[in-house]
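Q: Below is data38.tsv; it holds TSV, C-alpha atoms.
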chain	number	residue	atom	x	y	z
M	1	MET	CA	-30.18	4.58	55.26
M	2	GLY	CA	-26.50	3.84	54.74
M	3	LEU	CA	-27.00	3.93	50.95
M	4	ILE	CA	-28.76	7.30	51.22
M	5	ALA	CA	-25.80	8.65	53.20
M	6	GLY	CA	-23.27	7.24	50.76
M	7	PHE	CA	-24.95	8.36	47.53
M	8	GLY	CA	-26.76	11.45	48.80
M	9	PHE	CA	-25.25	13.10	51.86
M	10	ASN	CA	-21.55	12.43	51.21
M	11	PRO	CA	-21.18	13.92	47.68
M	12	PHE	CA	-23.39	16.86	48.67
M	13	ILE	CA	-21.39	17.64	51.82
M	14	GLY	CA	-18.08	17.05	50.03
M	15	ALA	CA	-18.93	19.52	47.26
M	16	ILE	CA	-20.00	22.20	49.75
M	17	ALA	CA	-17.08	21.69	52.14
M	18	ASP	CA	-14.53	21.87	49.32
M	19	ARG	CA	-15.92	25.28	48.36
M	20	THR	CA	-16.14	26.69	51.87
M	21	ARG	CA	-14.17	29.88	52.46
M	22	SER	CA	-13.68	31.23	55.98
M	23	LYS	CA	-11.05	32.71	58.26
M	24	TRP	CA	-10.58	29.19	59.71
M	25	GLY	CA	-10.13	27.51	56.33
M	26	LYS	CA	-12.50	25.27	54.41
M	27	PHE	CA	-12.72	22.13	56.59
M	28	ARG	CA	-12.17	23.24	60.20
M	29	PRO	CA	-15.44	25.24	60.39
M	30	TRP	CA	-17.41	22.07	59.62
M	31	ILE	CA	-15.70	20.29	62.50
M	32	LEU	CA	-16.48	23.19	64.84
M	33	PHE	CA	-20.13	23.78	63.95
M	34	THR	CA	-21.16	20.12	63.75
M	35	ALA	CA	-19.42	18.93	66.93
M	36	ILE	CA	-22.21	19.76	69.40
M	37	PRO	CA	-25.17	18.87	67.09
M	38	LEU	CA	-23.50	15.55	66.27
M	39	GLY	CA	-23.05	14.76	69.97
M	40	ILE	CA	-26.68	15.61	70.74
M	41	CYS	CA	-28.00	13.61	67.79
M	42	ALA	CA	-25.84	10.61	68.69
M	43	LEU	CA	-27.39	10.62	72.16
M	44	LEU	CA	-30.92	10.96	70.77
M	45	ALA	CA	-30.41	8.15	68.24
M	46	PHE	CA	-29.47	5.73	71.02
M	47	SER	CA	-32.24	6.78	73.40
M	48	THR	CA	-35.53	4.93	73.78
M	49	PRO	CA	-38.50	7.29	74.22
M	50	ASP	CA	-41.76	6.07	75.67
M	51	PHE	CA	-43.62	6.03	72.35
M	52	SER	CA	-45.84	3.48	70.66
M	53	TYR	CA	-44.23	0.92	68.37
M	54	LYS	CA	-45.00	3.05	65.30
M	55	GLY	CA	-43.78	6.15	67.08
M	56	LYS	CA	-40.52	4.46	68.02
M	57	MET	CA	-39.97	3.39	64.39
M	58	MET	CA	-40.54	6.93	63.15
M	59	TYR	CA	-38.29	8.31	65.89
M	60	ALA	CA	-35.53	5.83	65.04
M	61	ALA	CA	-35.72	6.60	61.30
M	62	ALA	CA	-35.66	10.37	61.87
M	63	THR	CA	-32.81	10.42	64.40
M	64	TYR	CA	-30.74	7.89	62.45
M	65	SER	CA	-31.13	9.86	59.20
M	66	LEU	CA	-30.15	13.07	60.96
M	67	LEU	CA	-27.20	11.29	62.59
M	68	LEU	CA	-25.95	10.11	59.18
M	69	LEU	CA	-26.26	13.62	57.76
M	70	LEU	CA	-24.38	15.21	60.65
M	71	TYR	CA	-21.78	12.45	60.60
M	72	ALA	CA	-21.14	13.09	56.90
M	73	ALA	CA	-20.95	16.86	57.54
M	74	ASN	CA	-18.38	16.26	60.26
M	75	ASN	CA	-16.41	13.23	59.12
M	76	LEU	CA	-15.78	14.16	55.49
M	77	PRO	CA	-14.12	17.50	56.32
M	78	TYR	CA	-12.30	15.79	59.19
M	79	ALA	CA	-10.94	13.11	56.86
M	80	ALA	CA	-9.93	15.74	54.28
M	81	LEU	CA	-8.16	17.85	56.90
M	82	SER	CA	-4.87	15.94	56.59
M	83	GLY	CA	-4.62	17.10	52.97
M	84	VAL	CA	-4.48	20.76	53.97
M	85	ILE	CA	-2.53	20.49	57.23
M	86	THR	CA	0.68	19.73	55.34
M	87	GLY	CA	1.84	19.50	51.75
M	88	ASP	CA	4.36	16.74	52.53
M	89	MET	CA	3.03	13.41	51.22
M	90	LYS	CA	4.96	11.39	53.81
M	91	GLU	CA	3.44	13.43	56.61
M	92	ARG	CA	-0.02	13.06	55.09
M	93	ASN	CA	0.36	9.28	54.83
M	94	SER	CA	1.66	9.13	58.40
M	95	LEU	CA	-1.31	11.14	59.69
M	96	SER	CA	-3.75	8.91	57.82
M	97	SER	CA	-2.05	5.77	59.15
M	98	TYR	CA	-2.26	6.90	62.77
M	99	ARG	CA	-5.89	7.90	62.28
M	100	PHE	CA	-6.77	4.55	60.75
M	101	VAL	CA	-5.02	2.59	63.53
M	102	ALA	CA	-6.87	4.69	66.12
M	103	VAL	CA	-10.16	3.84	64.40
M	104	MET	CA	-9.32	0.13	64.50
M	105	PHE	CA	-8.47	0.38	68.19
M	106	ALA	CA	-11.79	2.13	68.87
M	107	GLN	CA	-13.67	-0.60	66.99
M	108	PHE	CA	-11.75	-3.23	68.94
M	109	PHE	CA	-12.75	-1.53	72.21
M	110	VAL	CA	-16.40	-1.34	71.19
M	111	GLN	CA	-16.55	-4.99	70.13
M	112	VAL	CA	-14.89	-6.34	73.28
M	113	PHE	CA	-15.76	-3.96	76.11
M	114	MET	CA	-18.92	-2.04	75.17
M	115	LEU	CA	-21.52	-4.71	75.98
M	116	PRO	CA	-20.03	-5.50	79.42
M	117	ILE	CA	-19.88	-1.78	80.22
M	118	ILE	CA	-23.50	-1.31	79.09
M	119	LEU	CA	-24.68	-4.24	81.22
M	120	SER	CA	-22.73	-2.99	84.22
M	121	VAL	CA	-23.87	0.64	83.96
M	122	GLY	CA	-27.48	-0.31	83.27
M	123	LYS	CA	-27.47	-2.99	85.99
M	124	GLY	CA	-28.70	-5.55	83.46
M	125	ASP	CA	-31.00	-3.13	81.60
M	126	LYS	CA	-29.43	-2.74	78.12
M	127	ALA	CA	-31.60	0.24	77.11
M	128	ALA	CA	-30.68	2.21	80.25
M	129	GLY	CA	-27.03	1.18	79.92
M	130	ILE	CA	-26.83	2.29	76.29
M	131	GLU	CA	-28.34	5.69	77.09
M	132	ALA	CA	-25.91	6.25	79.96
M	133	VAL	CA	-22.84	5.10	78.01
M	134	MET	CA	-23.82	7.11	74.93
M	135	THR	CA	-24.19	10.22	77.08
M	136	TRP	CA	-20.54	9.98	78.09
M	137	LEU	CA	-19.39	9.02	74.60
M	138	ALA	CA	-21.28	11.97	73.11
M	139	ILE	CA	-19.65	14.35	75.60
M	140	ILE	CA	-16.17	12.90	75.03
M	141	GLY	CA	-16.62	12.92	71.24
M	142	THR	CA	-17.80	16.53	71.22
M	143	VAL	CA	-14.86	17.66	73.37
M	144	MET	CA	-12.36	15.79	71.18
M	145	LEU	CA	-13.77	17.38	68.01
M	146	LEU	CA	-13.51	20.84	69.57
M	147	ILE	CA	-9.90	20.08	70.55
M	148	THR	CA	-9.24	19.01	66.95
M	149	PHE	CA	-10.56	22.34	65.70
M	150	LEU	CA	-8.49	24.34	68.21
M	151	THR	CA	-5.19	22.47	67.69
M	152	THR	CA	-5.05	22.24	63.88
M	153	ARG	CA	-4.27	24.74	61.13
M	154	GLU	CA	-4.96	24.62	57.41
M	155	ARG	CA	-1.61	25.47	55.83
M	156	VAL	CA	-2.23	24.38	52.24
M	157	ILE	CA	-4.36	27.12	50.68
M	158	PRO	CA	-5.41	26.60	47.03
M	159	THR	CA	-4.76	29.50	44.67
M	160	ALA	CA	-7.46	31.12	42.57
M	161	GLU	CA	-6.13	29.29	39.50
M	162	GLN	CA	-6.75	25.94	41.20
M	163	GLU	CA	-10.42	26.61	41.86
M	164	SER	CA	-12.96	24.99	39.55
M	165	SER	CA	-16.69	24.55	39.22
M	166	LEU	CA	-18.59	21.46	40.29
M	167	LYS	CA	-19.29	20.73	36.62
M	168	ASN	CA	-15.58	20.71	35.78
M	169	ASP	CA	-14.82	18.53	38.82
M	170	LEU	CA	-17.37	15.94	37.72
M	171	LYS	CA	-16.03	16.06	34.17
M	172	ASP	CA	-12.49	15.43	35.43
M	173	LEU	CA	-13.65	12.49	37.57
M	174	ILE	CA	-15.63	10.85	34.78
M	175	GLY	CA	-12.60	11.04	32.51
M	176	ASN	CA	-10.21	9.71	35.16
M	177	ARG	CA	-9.99	5.96	34.49
M	178	PRO	CA	-7.80	5.06	37.53
M	179	TRP	CA	-10.27	6.90	39.80
M	180	LEU	CA	-13.22	5.06	38.26
M	181	ILE	CA	-11.45	1.73	38.81
M	182	MET	CA	-10.74	2.62	42.45
M	183	LEU	CA	-14.36	3.72	42.91
M	184	LEU	CA	-15.63	0.41	41.53
M	185	VAL	CA	-13.22	-1.67	43.61
M	186	THR	CA	-13.98	0.32	46.79
M	187	THR	CA	-17.72	-0.03	46.21
M	188	PHE	CA	-17.44	-3.81	45.87
M	189	ILE	CA	-15.20	-4.01	48.94
M	190	PHE	CA	-17.70	-2.14	51.11
M	191	ILE	CA	-20.60	-4.19	49.77
M	192	THR	CA	-18.65	-7.34	50.64
M	193	LEU	CA	-17.80	-6.05	54.12
M	194	ALA	CA	-21.42	-5.08	54.76
M	195	MET	CA	-22.72	-8.48	53.65
M	196	LYS	CA	-20.06	-10.34	55.61
M	197	GLY	CA	-20.43	-8.20	58.74
M	198	GLY	CA	-24.21	-8.51	58.68
M	199	SER	CA	-24.03	-12.27	58.35
M	200	TYR	CA	-21.82	-12.62	61.46
M	201	VAL	CA	-24.61	-11.67	63.86
M	202	TYR	CA	-27.06	-13.98	62.08
M	203	TYR	CA	-24.50	-16.80	62.15
M	204	PHE	CA	-23.74	-16.47	65.86
M	205	ASN	CA	-27.43	-16.19	66.78
M	206	ASN	CA	-28.74	-19.07	64.68
M	207	TYR	CA	-25.97	-21.52	63.85
M	208	VAL	CA	-23.30	-21.50	66.55
M	209	ASP	CA	-23.82	-24.20	69.17
M	210	GLU	CA	-23.81	-22.45	72.53
M	211	THR	CA	-22.33	-25.40	74.46
M	212	SER	CA	-19.46	-25.86	72.02
M	213	LEU	CA	-18.81	-22.11	71.88
M	214	THR	CA	-18.73	-21.89	75.68
M	215	HIS	CA	-16.17	-24.71	75.81
M	216	PHE	CA	-14.07	-23.13	73.07
M	217	ILE	CA	-13.82	-19.64	74.61
M	218	SER	CA	-13.73	-20.77	78.26
M	219	PRO	CA	-9.91	-20.37	78.55
M	220	ILE	CA	-10.19	-16.70	77.54
M	221	THR	CA	-13.28	-15.87	79.58
M	222	GLY	CA	-11.87	-17.90	82.47
M	223	PHE	CA	-8.73	-15.76	82.46
M	224	PHE	CA	-10.83	-12.58	82.57
M	225	HIS	CA	-12.92	-14.02	85.42
M	226	SER	CA	-9.74	-14.82	87.36
M	227	ILE	CA	-8.74	-11.15	87.36
M	228	GLY	CA	-12.23	-9.99	88.32
M	229	MET	CA	-13.52	-9.08	84.87
M	230	ASN	CA	-16.79	-10.77	83.95
M	231	PHE	CA	-17.19	-9.19	80.53
M	232	PHE	CA	-20.25	-10.86	79.09
M	233	GLY	CA	-22.08	-12.22	82.10
M	234	GLU	CA	-23.97	-15.35	81.07
M	235	GLU	CA	-24.07	-14.61	77.33
M	236	PRO	CA	-21.51	-16.88	75.61
M	237	LYS	CA	-22.69	-15.92	72.12
M	238	SER	CA	-22.06	-12.24	72.85
M	239	ALA	CA	-18.65	-13.16	74.24
M	240	GLY	CA	-17.83	-15.27	71.18
M	241	PHE	CA	-18.99	-12.58	68.78
M	242	GLY	CA	-17.00	-9.89	70.60
M	243	LEU	CA	-13.82	-11.97	70.78
M	244	PHE	CA	-14.18	-12.95	67.11
M	245	ASN	CA	-14.36	-9.31	66.04
M	246	ALA	CA	-11.57	-8.33	68.41
M	247	GLY	CA	-9.30	-10.90	66.78
M	248	TRP	CA	-10.17	-9.59	63.34
M	249	TYR	CA	-9.37	-5.99	64.29
M	250	TYR	CA	-6.09	-7.05	65.89
M	251	HIS	CA	-4.91	-8.83	62.75
M	252	ASP	CA	-6.14	-5.95	60.59
M	253	ASP	CA	-4.10	-3.45	62.63
M	254	TYR	CA	-1.05	-5.69	62.47
M	255	GLY	CA	-1.48	-6.01	58.71
M	256	HIS	CA	-1.51	-2.24	58.28
M	257	TYR	CA	1.57	-1.90	60.49
M	258	PHE	CA	3.39	-4.57	58.49
M	259	PHE	CA	2.38	-2.97	55.18
M	260	LYS	CA	3.63	0.41	56.36
M	261	LYS	CA	7.00	-1.09	57.33
M	262	VAL	CA	7.35	-2.80	53.95
M	263	CYS	CA	6.46	0.39	52.06
M	264	ARG	CA	9.08	2.34	54.01
M	265	GLN	CA	11.77	-0.17	53.07
M	266	VAL	CA	10.72	-0.17	49.39
M	267	TRP	CA	10.51	3.60	49.13
So that I can check it, write out the structure of this file as structure tokens.

A:
Amino acid sequence: MGLIAGFGFNPFIGAIADRTRSKWGKFRPWILFTAIPLGICALLAFSTPDFSYKGKMMYAAATYSLLLLLYAANNLPYAALSGVITGDMKERNSLSSYRFVAVMFAQFFVQVFMLPIILSVGKGDKAAGIEAVMTWLAIIGTVMLLITFLTTRERVIPTAEQESSLKNDLKDLIGNRPWLIMLLVTTFIFITLAMKGGSYVYYFNNYVDETSLTHFISPITGFFHSIGMNFFGEEPKSAGFGLFNAGWYYHDDYGHYFFKKVCRQVW
């Protein structure tokens, strides 16, 4: 499904969004009109209907595919919005940096806190907890997207001379060697991240010794217990996996902060 989104939905949505013309600009309308459908579909994709096994599989495939399509229709214009909010490259880079750090913080929160919240809200029932938590996340996400639409303006308007056909755009891309190199490198990076990220769950479930892991993370979980926060209940592997990912996101954020400081000094 992820490959379909990457090689099907994303180029299709990108081409349409870049050629959108409206009183609100080219990207903001996509954020506005996909906000509520995306929130509803996110809730449906994480719900568990009372269907047969085959019915549940078909439901999951349909809602997940629709979620990927709506996410592409919302996220691509949202990501491109910084390019038309301002023409100043320093401001664009600053906006992108803050957005990326916010994403890392959100991923950190999900990895460390989401499972405990789900278990607490669902009173031990993960399915019920996920549905309840996703309801609130869908509402919050929808509201935040609507706020984004209302509080931004597209100030960089391309002239008629800058407009081109999809055929010319593809021709320019194919002849752009640096872009092709970046595309190849980015593709390999995401393949590597997907393979590595997918192997983490398998590794923790099948190879990590639960007794040794419990002993290793006990100082951290013990500290949380001492302040009344029992994050992972009696699931040390979930705790280890969450703390492992949290550490990765922390160092990744710090690396981006350090890189930004170095670039400022060089430039």

Q: Between M:Phe108, M:Phe27, M:Tyr64, M:Trp136, which is the closest to Ser82 (chain M) once you count only C-alpha atoms?

A: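 Closest residue, counting only C-alpha atoms: M:Phe27.
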
Q: Measure the distance from CA of Thr142 (chain M) to CA of Ile36 (chain M) in Å and round it to one decimal.

A: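 Computing the Euclidean distance for CA of Thr142 (chain M) and CA of Ile36 (chain M) yields 5.8 Å.
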
Q: Please determine, counting all atoms listed in the file, which residue among M:Leu32, M:Ala15, M:Leu38, M:Asn10 has the shortest atom-to-atom distance to Ile147 (chain M).

A: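 Between M:Leu32, M:Ala15, M:Leu38, M:Asn10, the residue approaching Ile147 (chain M) most closely is M:Leu32.
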
Q: Of the candidates M:Met104, M:Ile13, M:Asp172, M:Arg155, which one gets nearest to Gly87 (chain M) if we count only C-alpha atoms?

A: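 Counting only C-alpha atoms, the residue closest to Gly87 (chain M) is M:Arg155.
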
Q: Looking at all atoms listed in the file, which of M:Val121, M:Leu44, M:Ala62, M:Leu81 is the one that sits closest to Leu95 (chain M)?

A: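 Closest residue, counting all atoms listed in the file: M:Leu81.
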
Q: Under the rule that only C-alpha atoms are counted, which of M:Arg19, M:His215, M:Ile31, M:Val201 is the nearest residue to Val143 (chain M)?

A: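 Using only C-alpha atoms, the shortest distance to Val143 (chain M) belongs to M:Ile31.
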
Q: Set up a box along x, y and z of the file covering all listed atoms of region 91-94 of chain M, add 5 Å on every one of the six sides, and write the centre and edge lengths in Å to one decimal, as JSON.

A:
{"center_x": 1.7, "center_y": 11.3, "center_z": 56.6, "size_x": 13.5, "size_y": 14.3, "size_z": 13.6}

Q: For CA of Gly25 (chain M) and CA of Leu166 (chain M), determine how far apart the two atoms are, in Å to one decimal place.

A: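 Between these atoms lies a distance of 19.1 Å.
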
Q: Could you state the separation of CA of Thr148 (chain M) and CA of Ala35 (chain M) in Å, given to one decimal place?

A: 10.2 Å

Q: Using all atoms listed in the file, can you tell me which of M:Pro219, M:Phe9, M:Pro49, M:Ala42 comes closest to Ala128 (chain M)?

A: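 Selected residue with least distance to Ala128 (chain M): M:Pro49.
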
Q: Which residues are near Val84 (chain M)? Cut-off 9 Å, only C-alpha atoms, ignore same chain within fewer than 6 positions. Put them as a count of residues only.

A: 7
